[in-house]
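Peer 1: Got a file for you: protein_14.txt, compact mmCIF, C-alpha atoms (C1' of nucleotides) and all ligand atoms.
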```txt
# COMPACT_ATOMS: atom_id res chain seq x y z
CA MET W 1 -5.03 1.25 29.80
CA GLN W 2 -7.10 4.37 30.19
CA LYS W 3 -8.25 4.61 26.59
CA GLN W 4 -9.01 0.89 26.39
CA GLU W 5 -12.15 1.38 28.44
CA THR W 6 -13.68 3.73 25.95
CA LEU W 7 -13.46 1.38 23.01
CA SER W 8 -16.70 0.31 21.41
CA LYS W 9 -17.87 -3.27 20.98
CA ASN W 10 -16.54 -3.76 17.46
CA GLN W 11 -13.31 -1.97 18.26
CA LYS W 12 -12.71 -4.27 21.23
CA ILE W 13 -13.42 -7.42 19.25
CA ILE W 14 -11.01 -6.43 16.54
CA LEU W 15 -8.30 -5.16 18.85
CA ASP W 16 -8.48 -8.40 20.84
CA LEU W 17 -7.96 -10.42 17.71
CA ILE W 18 -5.02 -8.33 16.53
CA GLU W 19 -3.40 -8.38 19.96
CA LYS W 20 -3.58 -12.17 20.06
CA SER W 21 -1.54 -12.36 16.88
CA ASP W 22 2.10 -11.45 17.03
CA GLN W 23 2.10 -10.92 13.31
CA PRO W 24 0.19 -8.45 11.13
CA LEU W 25 -3.32 -9.37 10.08
CA LYS W 26 -5.07 -8.30 6.90
CA ALA W 27 -8.45 -6.66 6.94
CA TYR W 28 -10.32 -9.42 5.16
CA SER W 29 -8.71 -12.11 7.26
CA ILE W 30 -9.86 -10.20 10.31
CA LEU W 31 -13.32 -9.99 8.78
CA PHE W 32 -13.36 -13.74 8.29
CA ASP W 33 -12.36 -14.32 11.91
CA VAL W 34 -14.89 -11.97 13.46
CA LYS W 35 -17.91 -13.13 11.48
CA LYS W 36 -18.71 -15.50 14.31
CA LYS W 37 -18.95 -12.44 16.55
CA GLY W 38 -21.50 -10.74 14.36
CA ILE W 39 -19.29 -8.46 12.33
CA ASN W 40 -20.39 -9.08 8.79
CA ALA W 41 -19.12 -6.34 6.52
CA PRO W 42 -15.73 -4.97 5.46
CA LEU W 43 -16.73 -1.48 6.48
CA GLN W 44 -17.28 -2.54 10.06
CA VAL W 45 -13.73 -3.84 10.11
CA TYR W 46 -12.20 -0.83 8.41
CA ARG W 47 -14.00 1.58 10.71
CA ALA W 48 -12.61 -0.17 13.75
CA LEU W 49 -9.15 -0.43 12.22
CA ASN W 50 -9.08 3.26 11.38
CA LYS W 51 -10.01 4.19 14.90
CA LEU W 52 -7.48 1.82 16.45
CA VAL W 53 -4.74 3.19 14.23
CA LYS W 54 -5.73 6.71 15.14
CA ILE W 55 -5.44 6.10 18.87
CA GLY W 56 -2.20 4.15 18.46
CA LYS W 57 -3.42 0.72 19.57
CA ILE W 58 -2.42 -0.76 16.25
CA HIS W 59 -0.21 0.26 13.33
CA LYS W 60 -0.64 -0.28 9.64
CA ILE W 61 2.25 -1.92 7.82
CA GLU W 62 1.90 0.12 4.65
CA SER W 63 3.94 -2.10 2.39
CA ARG W 64 1.84 -5.10 3.36
CA ASN W 65 -1.63 -3.65 3.87
CA ALA W 66 -1.74 -5.31 7.23
CA PHE W 67 -2.26 -4.32 10.84
CA ILE W 68 -0.21 -5.15 13.91
CA ALA W 69 -0.79 -4.41 17.57
CA CYS W 70 1.47 -1.93 19.28
CA LYS W 71 3.10 -3.53 22.28
CA ASN W 72 4.54 -0.32 23.58
CA SER W 73 2.50 0.68 26.61
CA LYS W 74 3.46 4.34 26.31
CA CYS W 75 2.58 4.45 22.66
CA GLN W 76 2.07 8.06 21.90
CA ILE W 77 4.11 6.94 18.96
CA ALA W 78 1.33 6.10 16.60
CA LYS W 79 3.00 8.94 14.77
CA ALA W 80 6.52 7.61 14.82
CA THR W 81 6.78 4.01 13.73
CA VAL W 82 9.67 1.81 12.68
CA PHE W 83 9.36 -1.79 11.54
CA SER W 84 11.62 -4.54 10.35
CA ILE W 85 10.17 -6.89 7.79
CA CYS W 86 11.63 -10.19 6.67
CA GLU W 87 11.09 -10.55 2.96
CA SER W 88 11.27 -14.31 3.19
CA CYS W 89 9.02 -15.30 6.10
CA GLU W 90 7.21 -11.94 6.32
CA ASP W 91 7.92 -11.69 10.03
CA VAL W 92 7.33 -8.13 11.22
CA THR W 93 8.76 -6.54 14.35
CA GLU W 94 8.23 -3.07 15.68
CA ILE W 95 11.51 -1.37 16.46
CA HIS W 96 12.04 1.03 19.33
CA ASP W 97 15.49 2.50 19.03
CA HIS W 98 16.13 5.59 21.02
CA LYS W 99 18.97 6.94 18.94
CA LEU W 100 17.17 6.34 15.65
CA SER W 101 14.00 7.93 17.02
CA GLU W 102 15.96 10.99 17.99
CA HIS W 103 17.44 11.37 14.56
CA LEU W 104 14.09 10.98 12.89
CA ARG W 105 12.34 13.28 15.31
CA ASP W 106 14.96 15.97 14.78
CA PHE W 107 15.14 15.65 11.03
CA LYS W 108 14.66 18.89 9.13
CA ASP W 109 14.53 19.13 5.40
CA ASN W 110 15.46 22.26 3.50
CA LYS W 111 11.91 23.03 2.40
CA GLY W 112 10.49 24.32 5.65
CA MET W 113 8.06 21.47 5.93
CA LYS W 114 6.48 20.77 9.31
CA TYR W 115 6.38 17.06 10.11
CA ASN W 116 4.05 15.45 12.59
CA LYS W 117 4.47 11.81 11.67
CA TYR W 118 6.77 9.31 10.03
CA ASN W 119 6.83 5.65 9.15
CA LEU W 120 9.98 3.68 8.44
CA GLU W 121 10.11 0.13 7.15
CA PHE W 122 13.33 -1.89 6.98
CA PHE W 123 13.40 -4.93 4.69
CA GLY W 124 15.76 -7.85 4.76
CA LEU W 125 16.20 -11.36 6.03
CA CYS W 126 15.67 -12.37 9.61
CA LYS W 127 18.02 -14.67 11.50
CA LYS W 128 16.01 -17.77 10.61
CA CYS W 129 15.87 -16.94 6.92
CA ILE W 130 19.46 -15.90 6.27
CA MET X 1 21.26 6.92 -19.00
CA GLN X 2 22.83 3.55 -19.65
CA LYS X 3 19.89 1.43 -18.52
CA GLN X 4 17.34 3.59 -20.29
CA GLU X 5 18.33 2.08 -23.62
CA THR X 6 17.33 -1.40 -22.57
CA LEU X 7 13.78 -0.55 -21.58
CA SER X 8 11.00 -2.18 -23.55
CA LYS X 9 8.29 -0.31 -25.41
CA ASN X 10 5.71 -0.39 -22.64
CA GLN X 11 8.29 0.40 -20.00
CA LYS X 12 9.42 3.47 -21.95
CA ILE X 13 5.90 4.73 -22.48
CA ILE X 14 5.10 4.46 -18.81
CA LEU X 15 8.39 5.85 -17.57
CA ASP X 16 8.00 8.85 -19.88
CA LEU X 17 4.61 9.58 -18.45
CA ILE X 18 5.76 9.32 -14.85
CA GLU X 19 8.83 11.44 -15.50
CA LYS X 20 6.70 14.19 -16.98
CA SER X 21 4.77 14.43 -13.74
CA ASP X 22 6.48 15.88 -10.72
CA GLN X 23 3.93 14.21 -8.51
CA PRO X 24 3.12 10.54 -7.94
CA LEU X 25 0.75 8.85 -10.37
CA LYS X 26 -1.59 5.99 -9.60
CA ALA X 27 -1.61 2.84 -11.67
CA TYR X 28 -5.12 3.24 -13.03
CA SER X 29 -4.58 6.88 -13.87
CA ILE X 30 -1.48 5.79 -15.79
CA LEU X 31 -3.56 3.14 -17.50
CA PHE X 32 -6.10 5.77 -18.55
CA ASP X 33 -3.37 7.99 -19.95
CA VAL X 34 -1.57 5.31 -21.95
CA LYS X 35 -4.65 3.77 -23.55
CA LYS X 36 -4.08 6.05 -26.54
CA LYS X 37 -0.69 4.39 -26.91
CA GLY X 38 -2.14 0.91 -27.11
CA ILE X 39 -1.74 -0.21 -23.52
CA ASN X 40 -5.12 -1.60 -22.61
CA ALA X 41 -4.92 -3.68 -19.47
CA PRO X 42 -3.95 -3.12 -15.83
CA LEU X 43 -1.47 -5.94 -15.95
CA GLN X 44 0.51 -4.26 -18.70
CA VAL X 45 0.86 -1.22 -16.48
CA TYR X 46 1.72 -3.16 -13.35
CA ARG X 47 4.33 -5.20 -15.16
CA ALA X 48 6.08 -2.09 -16.37
CA LEU X 49 5.78 -0.43 -12.98
CA ASN X 50 7.27 -3.43 -11.21
CA LYS X 51 10.22 -3.46 -13.55
CA LEU X 52 10.80 0.28 -13.27
CA VAL X 53 10.69 0.07 -9.49
CA LYS X 54 13.13 -2.82 -9.58
CA ILE X 55 15.70 -0.91 -11.59
CA GLY X 56 15.23 2.24 -9.55
CA LYS X 57 13.75 4.49 -12.24
CA ILE X 58 10.65 5.04 -10.15
CA HIS X 59 9.67 4.54 -6.54
CA LYS X 60 6.40 3.44 -5.01
CA ILE X 61 4.92 5.69 -2.35
CA GLU X 62 3.55 2.91 -0.20
CA SER X 63 1.15 4.97 1.86
CA ARG X 64 -0.43 6.33 -1.30
CA ASN X 65 -0.23 3.44 -3.74
CA ALA X 66 1.36 5.77 -6.23
CA PHE X 67 4.53 5.95 -8.27
CA ILE X 68 7.00 8.79 -8.67
CA ALA X 69 10.06 9.15 -10.87
CA CYS X 70 13.45 9.17 -9.22
CA LYS X 71 15.31 12.32 -10.16
CA ASN X 72 18.56 11.19 -8.67
CA SER X 73 20.87 10.34 -11.55
CA LYS X 74 23.01 8.06 -9.41
CA CYS X 75 20.02 6.19 -8.11
CA GLN X 76 21.36 2.95 -6.82
CA ILE X 77 19.06 3.95 -4.02
CA ALA X 78 15.97 2.13 -5.17
CA LYS X 79 16.67 0.35 -1.94
CA ALA X 80 16.98 3.35 0.30
CA THR X 81 14.18 5.83 -0.13
CA VAL X 82 12.98 8.78 1.92
CA PHE X 83 9.96 10.91 1.09
CA SER X 84 8.16 13.87 2.55
CA ILE X 85 4.42 13.93 2.04
CA CYS X 86 2.11 16.87 2.66
CA GLU X 87 -1.11 15.56 4.16
CA SER X 88 -3.02 18.55 2.90
CA CYS X 89 -2.02 18.99 -0.74
CA GLU X 90 -0.48 15.53 -1.11
CA ASP X 91 2.72 17.00 -2.52
CA VAL X 92 5.48 14.41 -2.42
CA THR X 93 9.21 15.09 -2.51
CA GLU X 94 12.07 12.63 -2.46
CA ILE X 95 14.61 13.48 0.20
CA HIS X 96 18.32 12.94 -0.14
CA ASP X 97 19.96 13.70 3.16
CA HIS X 98 23.44 12.41 3.59
CA LYS X 99 23.45 12.32 7.35
CA LEU X 100 20.07 10.64 7.57
CA SER X 101 21.07 8.11 4.93
CA GLU X 102 24.15 7.25 6.92
CA HIS X 103 22.16 6.66 10.06
CA LEU X 104 19.68 4.48 8.27
CA ARG X 105 22.32 2.57 6.38
CA ASP X 106 24.21 1.86 9.59
CA PHE X 107 21.21 0.95 11.66
CA LYS X 108 21.46 -2.40 13.45
CA ASP X 109 18.67 -3.89 15.46
CA ASN X 110 19.28 -6.35 18.27
CA LYS X 111 17.82 -9.31 16.41
CA GLY X 112 20.62 -9.99 14.00
CA MET X 113 18.52 -9.15 11.02
CA LYS X 114 20.25 -8.37 7.74
CA TYR X 115 18.72 -5.38 5.96
CA ASN X 116 19.01 -4.68 2.29
CA LYS X 117 16.37 -2.01 1.87
CA TYR X 118 14.37 0.61 3.66
CA ASN X 119 11.62 3.09 2.97
CA LEU X 120 10.89 6.13 5.11
CA GLU X 121 7.90 8.42 4.72
CA PHE X 122 7.58 11.71 6.59
CA PHE X 123 4.12 13.25 6.87
CA GLY X 124 3.20 16.81 7.66
CA LEU X 125 2.30 20.12 6.13
CA CYS X 126 4.32 21.80 3.43
CA LYS X 127 5.14 25.48 3.44
CA LYS X 128 2.11 26.36 1.34
CA CYS X 129 -0.30 24.43 3.51
CA ILE X 130 0.85 25.46 6.98
C1' DC B 1 22.62 -20.74 -37.21
C1' DT B 2 19.96 -23.36 -34.03
C1' DT B 3 18.23 -24.07 -29.77
C1' DA B 4 17.00 -22.94 -25.21
C1' DA B 5 16.32 -19.62 -21.58
C1' DA B 6 14.85 -15.30 -20.20
C1' DT B 7 12.10 -11.37 -20.82
C1' DA B 8 8.18 -9.08 -22.63
C1' DT B 9 3.48 -8.86 -24.62
C1' DG B 10 -1.70 -9.24 -25.02
C1' DT B 11 -6.02 -10.69 -23.17
C1' DT B 12 -9.52 -12.37 -20.03
C1' DA B 13 -10.89 -13.15 -15.74
C1' DT B 14 -10.55 -12.70 -10.93
C1' DA B 15 -8.70 -11.55 -6.34
C1' DT B 16 -7.81 -8.20 -2.89
C1' DT B 17 -8.21 -3.86 -0.61
C1' DA B 18 -11.02 0.03 0.57
C1' DT B 19 -14.83 3.52 0.31
C1' DT B 20 -19.58 5.76 -0.71
C1' DA B 21 -24.14 6.23 0.50
C1' DC B 22 -27.99 5.72 3.37
C1' DA B 23 -30.70 4.73 7.64
C1' DC B 24 -30.63 4.70 12.29
C1' DA B 25 -29.14 4.19 17.53
C1' DG B 26 -26.98 5.97 21.81
C1' DC B 27 -25.11 9.60 24.48
C1' DG B 28 -23.94 13.98 26.37
C1' DT B 29 -24.74 19.06 25.92
C1' DT B 30 -27.50 23.05 25.59
C1' DA A 1 -36.52 18.88 22.74
C1' DA A 2 -32.87 19.68 19.59
C1' DC A 3 -28.25 19.14 18.32
C1' DG A 4 -23.63 17.26 17.60
C1' DC A 5 -20.86 13.44 17.90
C1' DT A 6 -19.70 8.72 17.60
C1' DG A 7 -20.87 4.28 16.49
C1' DT A 8 -23.63 0.49 14.06
C1' DG A 9 -25.64 -2.23 10.08
C1' DT A 10 -26.25 -3.10 5.26
C1' DA A 11 -25.81 -2.90 0.29
C1' DA A 12 -23.41 -1.47 -3.41
C1' DT A 13 -19.34 -0.16 -5.67
C1' DA A 14 -14.66 1.73 -6.35
C1' DA A 15 -9.81 1.16 -6.45
C1' DT A 16 -5.78 -1.65 -6.37
C1' DA A 17 -3.45 -5.78 -7.86
C1' DT A 18 -2.64 -10.60 -9.50
C1' DA A 19 -3.50 -15.40 -11.77
C1' DA A 20 -3.61 -18.03 -15.80
C1' DC A 21 -2.83 -18.81 -20.50
C1' DA A 22 -1.06 -18.15 -25.16
C1' DT A 23 2.37 -16.03 -27.87
C1' DA A 24 6.34 -13.13 -29.28
C1' DT A 25 10.92 -11.19 -28.92
C1' DT A 26 15.56 -10.87 -27.29
C1' DT A 27 19.75 -12.96 -25.46
C1' DA A 28 23.23 -16.34 -24.71
C1' DA A 29 25.08 -20.84 -25.46
C1' DG A 30 26.24 -24.72 -28.04
ZN ZN W 201 3.89 1.09 18.41
ZN ZN W 202 12.41 -14.58 8.02
ZN ZN W 203 15.23 7.96 -5.87
ZN ZN W 204 0.87 21.05 1.05
```
Give the structure from this file in structure tokens form.
Peer 2:
Amino acid sequence: MQKQETLSKNQKIILDLIEKSDQPLKAYSILFDVKKKGINAPLQVYRALNKLVKIGKIHKIESRNAFIACKNSKCQIAKATVFSICESCEDVTEIHDHKLSEHLRDFKDNKGMKYNKYNLEFFGLCKKCI
Amino acid sequence: MQKQETLSKNQKIILDLIEKSDQPLKAYSILFDVKKKGINAPLQVYRALNKLVKIGKIHKIESRNAFIACKNSKCQIAKATVFSICESCEDVTEIHDHKLSEHLRDFKDNKGMKYNKYNLEFFGLCKKCI
DNA sequence: CTTAAATATGTTATATTATTACACAGCGTT
DNA sequence: AACGCTGTGTAATAATATAACATATTTAAG
């Protein structure tokens, strides 16, 4: 809650909207929804989104070009994200699995690369859609 | 090599191009390069790309909207991809790590979801860029 | 061999996603 | 006051991807 206070007007408006949705929102759908609040241009949305991603308040679902709020209060994990995505209903859930996180955090390739971030997306069918 | 034979003309042209590059190519850069071969429209490129992704000859790097050839001869793993991406020079490498693959293959969430695919992207700095 | 289904092609137009460029405002530091 | 930093507003445009339609080619079945 400490960073929340420092958000700007546009950032707050857009974060509020994303947090109210339990599913990912697309940039232009966000734009449509916030026009009534005086945000008129794509760039205003993208600027806020970029900032919110950067500080870990939201995550981008890369395979869907959509943005979802992070529910994890201790989210220093903007840099370590795992999602499950239903390919039928498009339901997206953020996964927090300690064991999996450990494995990913500790992963070393054989090229001497230094990792500071990862994003993992699982695809399949959710309970409802099986 | 058995599936290669069944590729169509456009699919072959585009796969050849991608295989000659060791780095991911973007759709419109592919389009530019294959114009001399009579492929004139984005849709012709995207159709070939979609097919090649589907049969595992290439993979899409989701965070970059780019396509890279799969070098793994036994690539039934179109549905289980891991990449390392250098955020400085944008070098991309496909990772085949047995242990990691096992963990990902065996991963079960607590929602009863049935996975059939995953994509993992590691970000950081490669040896050259550190 | 004929027919039907499935796959691929070519073309035009359009939708969707994202950034560049420019002008300026507010705030804290020096 | 001058500067750096972050944010805003606006217009224009770039980059990525798909819809819709007409036609051709390959494959599989009858
Ligand atoms: Zn999160
Ligand atoms: Zn579902
Ligand atoms: Zn591969
Ligand atoms: Zn590098």
Peer 1: Could the residues that lie within 7 Å of ligand ZN 203 (chain W), counting all atoms listed in the file, be listed as a VMD selection string?
Peer 2: chain X and resid 56 58 to 59 70 to 72 75 77 to 78 81 94
Peer 1: Please, which residues in chain X fall within 9 Å of ligand ZN 204 (chain W) when counting all atoms listed in the file, and what is the closest atom pair and distance in Å to one decimal for each, ordered by chain then residue number, as JSON lines?
Peer 2:
```
{"residue": "X:Ile85", "atom": "CA", "partner": "W:ZN204", "partner_atom": "ZN", "distance": 8.0}
{"residue": "X:Cys86", "atom": "CA", "partner": "W:ZN204", "partner_atom": "ZN", "distance": 4.6}
{"residue": "X:Glu87", "atom": "CA", "partner": "W:ZN204", "partner_atom": "ZN", "distance": 6.6}
{"residue": "X:Ser88", "atom": "CA", "partner": "W:ZN204", "partner_atom": "ZN", "distance": 5.0}
{"residue": "X:Cys89", "atom": "CA", "partner": "W:ZN204", "partner_atom": "ZN", "distance": 4.0}
{"residue": "X:Glu90", "atom": "CA", "partner": "W:ZN204", "partner_atom": "ZN", "distance": 6.1}
{"residue": "X:Asp91", "atom": "CA", "partner": "W:ZN204", "partner_atom": "ZN", "distance": 5.7}
{"residue": "X:Val92", "atom": "CA", "partner": "W:ZN204", "partner_atom": "ZN", "distance": 8.8}
{"residue": "X:Gly124", "atom": "CA", "partner": "W:ZN204", "partner_atom": "ZN", "distance": 8.2}
{"residue": "X:Leu125", "atom": "CA", "partner": "W:ZN204", "partner_atom": "ZN", "distance": 5.4}
{"residue": "X:Cys126", "atom": "CA", "partner": "W:ZN204", "partner_atom": "ZN", "distance": 4.3}
{"residue": "X:Lys127", "atom": "CA", "partner": "W:ZN204", "partner_atom": "ZN", "distance": 6.6}
{"residue": "X:Lys128", "atom": "CA", "partner": "W:ZN204", "partner_atom": "ZN", "distance": 5.5}
{"residue": "X:Cys129", "atom": "CA", "partner": "W:ZN204", "partner_atom": "ZN", "distance": 4.3}
{"residue": "X:Ile130", "atom": "CA", "partner": "W:ZN204", "partner_atom": "ZN", "distance": 7.4}
```
Peer 1: Give me the least-squares superposed chain W (reference chain X; all C-alpha atoms paired in order) as a CSV table (one decimal) with C-alpha atoms, in the coordinates of the input.
Peer 2:
```csv
chain,number,residue,atom,x,y,z
W,1,MET,CA,21.4,6.6,-18.9
W,2,GLN,CA,22.9,3.3,-19.6
W,3,LYS,CA,19.9,1.2,-18.5
W,4,GLN,CA,17.4,3.5,-20.2
W,5,GLU,CA,18.3,2.0,-23.6
W,6,THR,CA,17.3,-1.5,-22.6
W,7,LEU,CA,13.8,-0.6,-21.6
W,8,SER,CA,11.0,-2.2,-23.6
W,9,LYS,CA,8.3,-0.3,-25.4
W,10,ASN,CA,5.7,-0.4,-22.6
W,11,GLN,CA,8.3,0.4,-20.0
W,12,LYS,CA,9.4,3.5,-21.9
W,13,ILE,CA,5.9,4.8,-22.5
W,14,ILE,CA,5.1,4.5,-18.8
W,15,LEU,CA,8.4,5.8,-17.6
W,16,ASP,CA,8.0,8.8,-19.9
W,17,LEU,CA,4.6,9.6,-18.4
W,18,ILE,CA,5.8,9.3,-14.8
W,19,GLU,CA,8.8,11.4,-15.5
W,20,LYS,CA,6.7,14.2,-17.0
W,21,SER,CA,4.8,14.4,-13.7
W,22,ASP,CA,6.5,15.9,-10.7
W,23,GLN,CA,3.9,14.2,-8.5
W,24,PRO,CA,3.1,10.5,-7.9
W,25,LEU,CA,0.7,8.9,-10.4
W,26,LYS,CA,-1.6,6.0,-9.6
W,27,ALA,CA,-1.6,2.8,-11.7
W,28,TYR,CA,-5.1,3.2,-13.1
W,29,SER,CA,-4.6,6.9,-13.9
W,30,ILE,CA,-1.5,5.8,-15.8
W,31,LEU,CA,-3.6,3.2,-17.5
W,32,PHE,CA,-6.1,5.8,-18.5
W,33,ASP,CA,-3.4,8.0,-20.0
W,34,VAL,CA,-1.6,5.4,-22.0
W,35,LYS,CA,-4.6,3.8,-23.6
W,36,LYS,CA,-4.1,6.1,-26.5
W,37,LYS,CA,-0.7,4.4,-26.9
W,38,GLY,CA,-2.1,1.0,-27.1
W,39,ILE,CA,-1.7,-0.2,-23.5
W,40,ASN,CA,-5.1,-1.5,-22.6
W,41,ALA,CA,-4.9,-3.6,-19.5
W,42,PRO,CA,-3.9,-3.1,-15.9
W,43,LEU,CA,-1.5,-5.9,-16.0
W,44,GLN,CA,0.5,-4.2,-18.8
W,45,VAL,CA,0.9,-1.2,-16.5
W,46,TYR,CA,1.7,-3.2,-13.4
W,47,ARG,CA,4.3,-5.2,-15.2
W,48,ALA,CA,6.1,-2.1,-16.4
W,49,LEU,CA,5.8,-0.4,-13.0
W,50,ASN,CA,7.3,-3.4,-11.2
W,51,LYS,CA,10.2,-3.5,-13.6
W,52,LEU,CA,10.8,0.3,-13.3
W,53,VAL,CA,10.7,0.1,-9.5
W,54,LYS,CA,13.1,-2.8,-9.6
W,55,ILE,CA,15.7,-0.9,-11.6
W,56,GLY,CA,15.2,2.2,-9.5
W,57,LYS,CA,13.7,4.5,-12.2
W,58,ILE,CA,10.7,5.0,-10.2
W,59,HIS,CA,9.7,4.5,-6.5
W,60,LYS,CA,6.4,3.4,-5.0
W,61,ILE,CA,4.9,5.7,-2.4
W,62,GLU,CA,3.6,2.9,-0.2
W,63,SER,CA,1.2,5.0,1.9
W,64,ARG,CA,-0.4,6.3,-1.3
W,65,ASN,CA,-0.2,3.4,-3.7
W,66,ALA,CA,1.4,5.8,-6.2
W,67,PHE,CA,4.5,5.9,-8.3
W,68,ILE,CA,7.0,8.8,-8.7
W,69,ALA,CA,10.1,9.1,-10.9
W,70,CYS,CA,13.5,9.1,-9.2
W,71,LYS,CA,15.3,12.3,-10.2
W,72,ASN,CA,18.6,11.2,-8.7
W,73,SER,CA,20.9,10.3,-11.6
W,74,LYS,CA,23.0,8.0,-9.4
W,75,CYS,CA,20.0,6.2,-8.1
W,76,GLN,CA,21.4,2.9,-6.8
W,77,ILE,CA,19.1,3.9,-4.0
W,78,ALA,CA,16.0,2.2,-5.2
W,79,LYS,CA,16.7,0.4,-1.9
W,80,ALA,CA,17.0,3.4,0.3
W,81,THR,CA,14.2,5.8,-0.1
W,82,VAL,CA,13.0,8.8,1.9
W,83,PHE,CA,9.9,10.9,1.1
W,84,SER,CA,8.1,13.9,2.6
W,85,ILE,CA,4.4,13.9,2.1
W,86,CYS,CA,2.1,16.8,2.7
W,87,GLU,CA,-1.1,15.5,4.2
W,88,SER,CA,-3.0,18.5,2.9
W,89,CYS,CA,-2.0,19.0,-0.7
W,90,GLU,CA,-0.5,15.5,-1.1
W,91,ASP,CA,2.7,17.0,-2.5
W,92,VAL,CA,5.5,14.4,-2.4
W,93,THR,CA,9.2,15.1,-2.5
W,94,GLU,CA,12.0,12.6,-2.5
W,95,ILE,CA,14.6,13.5,0.2
W,96,HIS,CA,18.3,13.0,-0.2
W,97,ASP,CA,19.9,13.7,3.1
W,98,HIS,CA,23.4,12.5,3.6
W,99,LYS,CA,23.4,12.4,7.4
W,100,LEU,CA,20.0,10.7,7.6
W,101,SER,CA,21.1,8.1,4.9
W,102,GLU,CA,24.1,7.3,6.9
W,103,HIS,CA,22.2,6.7,10.1
W,104,LEU,CA,19.7,4.5,8.3
W,105,ARG,CA,22.3,2.6,6.4
W,106,ASP,CA,24.2,1.9,9.6
W,107,PHE,CA,21.2,1.0,11.7
W,108,LYS,CA,21.5,-2.4,13.4
W,109,ASP,CA,18.7,-3.9,15.5
W,110,ASN,CA,19.4,-6.3,18.3
W,111,LYS,CA,17.9,-9.3,16.4
W,112,GLY,CA,20.7,-10.0,14.0
W,113,MET,CA,18.6,-9.1,11.0
W,114,LYS,CA,20.3,-8.4,7.7
W,115,TYR,CA,18.8,-5.4,5.9
W,116,ASN,CA,19.0,-4.7,2.3
W,117,LYS,CA,16.4,-2.0,1.9
W,118,TYR,CA,14.4,0.6,3.7
W,119,ASN,CA,11.6,3.1,3.0
W,120,LEU,CA,10.9,6.1,5.1
W,121,GLU,CA,7.9,8.4,4.7
W,122,PHE,CA,7.6,11.7,6.6
W,123,PHE,CA,4.1,13.2,6.9
W,124,GLY,CA,3.2,16.8,7.7
W,125,LEU,CA,2.3,20.1,6.1
W,126,CYS,CA,4.3,21.8,3.4
W,127,LYS,CA,5.1,25.5,3.4
W,128,LYS,CA,2.1,26.3,1.3
W,129,CYS,CA,-0.3,24.4,3.5
W,130,ILE,CA,0.8,25.4,7.0
```
Peer 1: For chain A versus chain W, which residues have an atom no more than 9 Å away, and what is each residue's nearest atom pair and distance in Å rounded to one decimal, using all atoms listed in the file, chain-then-number order, as a Markdown table?
Peer 2:
```
| residue | atom | partner | partner_atom | distance |
| --- | --- | --- | --- | --- |
| A:DG7 | C1' | W:Ser8 | CA | 7.6 |
| A:DT8 | C1' | W:Gln44 | CA | 8.1 |
| A:DG9 | C1' | W:Gln44 | CA | 8.4 |
| A:DT10 | C1' | W:Ala41 | CA | 7.9 |
```
Peer 1: What separation in Å, quoted to one decimal, exists between atom CA of X:Lys99 and atom CA of X:Met113?
Peer 2: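 One can read the atom CA of X:Lys99 to atom CA of X:Met113 distance as 22.3 Å.
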Peer 1: Residues of chain X that have any atom at most 12 Å from an atom of ligand ZN 202 (chain W): could you tabulate them with the shortest-distance atom pair and the distance in Å to one decimal, using only C-alpha atoms and all ligand atoms, ordered by chain and increasing number, as a Markdown table?
Peer 2:
```
| residue | atom | partner | partner_atom | distance |
| --- | --- | --- | --- | --- |
| X:Lys111 | CA | W:ZN202 | ZN | 11.3 |
| X:Gly112 | CA | W:ZN202 | ZN | 11.1 |
| X:Met113 | CA | W:ZN202 | ZN | 8.7 |
| X:Lys114 | CA | W:ZN202 | ZN | 10.0 |
| X:Tyr115 | CA | W:ZN202 | ZN | 11.3 |
```
Peer 1: Would you list the contacts of stretch 18-26 of chain B as a ChimeraX atom specification, taking every protein, DNA or RNA residue within 10 Å and counting all atoms listed in the file, but skipping same-chain residues closer than 2 positions in sequence?
Peer 2: /W:27,42-43,46 /B:16,28 /A:6-16
Peer 1: When you look at B:DT29 with a cut-off of 12 Å (counting all atoms listed in the file), what residues show up, excluding the ones that are within fewer than 6 positions of it in the same chain? I need them as a list of chain:residue names.
Peer 2: A:DA2, A:DC3, A:DG4, A:DC5
Peer 1: Using only C-alpha atoms (C1' of nucleotides), which residues of chain B come within 12 Å of chain X, and what is the closest atom pair for each, with the distance in Å to one decimal? Give it as JSON lines, sorted by chain and residue number.
Peer 2:
```
{"residue": "B:DT7", "atom": "C1'", "partner": "X:Ser8", "partner_atom": "CA", "distance": 9.6}
{"residue": "B:DA8", "atom": "C1'", "partner": "X:Ser8", "partner_atom": "CA", "distance": 7.5}
{"residue": "B:DT9", "atom": "C1'", "partner": "X:Gln44", "partner_atom": "CA", "distance": 8.1}
{"residue": "B:DG10", "atom": "C1'", "partner": "X:Gln44", "partner_atom": "CA", "distance": 8.3}
{"residue": "B:DT11", "atom": "C1'", "partner": "X:Ala41", "partner_atom": "CA", "distance": 8.0}
{"residue": "B:DT12", "atom": "C1'", "partner": "X:Ala41", "partner_atom": "CA", "distance": 9.8}
{"residue": "B:DA13", "atom": "C1'", "partner": "X:Ala41", "partner_atom": "CA", "distance": 11.8}
{"residue": "B:DT17", "atom": "C1'", "partner": "X:Asn65", "partner_atom": "CA", "distance": 11.3}
```
Peer 1: When distances are computed from all atoms listed in the file, which of W:Asp33, W:Asp97, W:Asp106, W:Asp16 shows the smallest separation from ligand ZN 201 (chain W)?
Peer 2: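 Closest residue, counting all atoms listed in the file: W:Asp97.
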Peer 1: Could you check which of X:Ala69, X:Val82, X:Glu19, X:Ser63 is closest to chain W, using only C-alpha atoms?
Peer 2: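 Nearest candidate to chain W out of X:Ala69, X:Val82, X:Glu19, X:Ser63: X:Ser63.
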Peer 1: Atom CA of X:Phe83 and atom CA of X:Ser21, how far apart in Å?
Peer 2: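 Distance between the two atoms: 16.1 Å.
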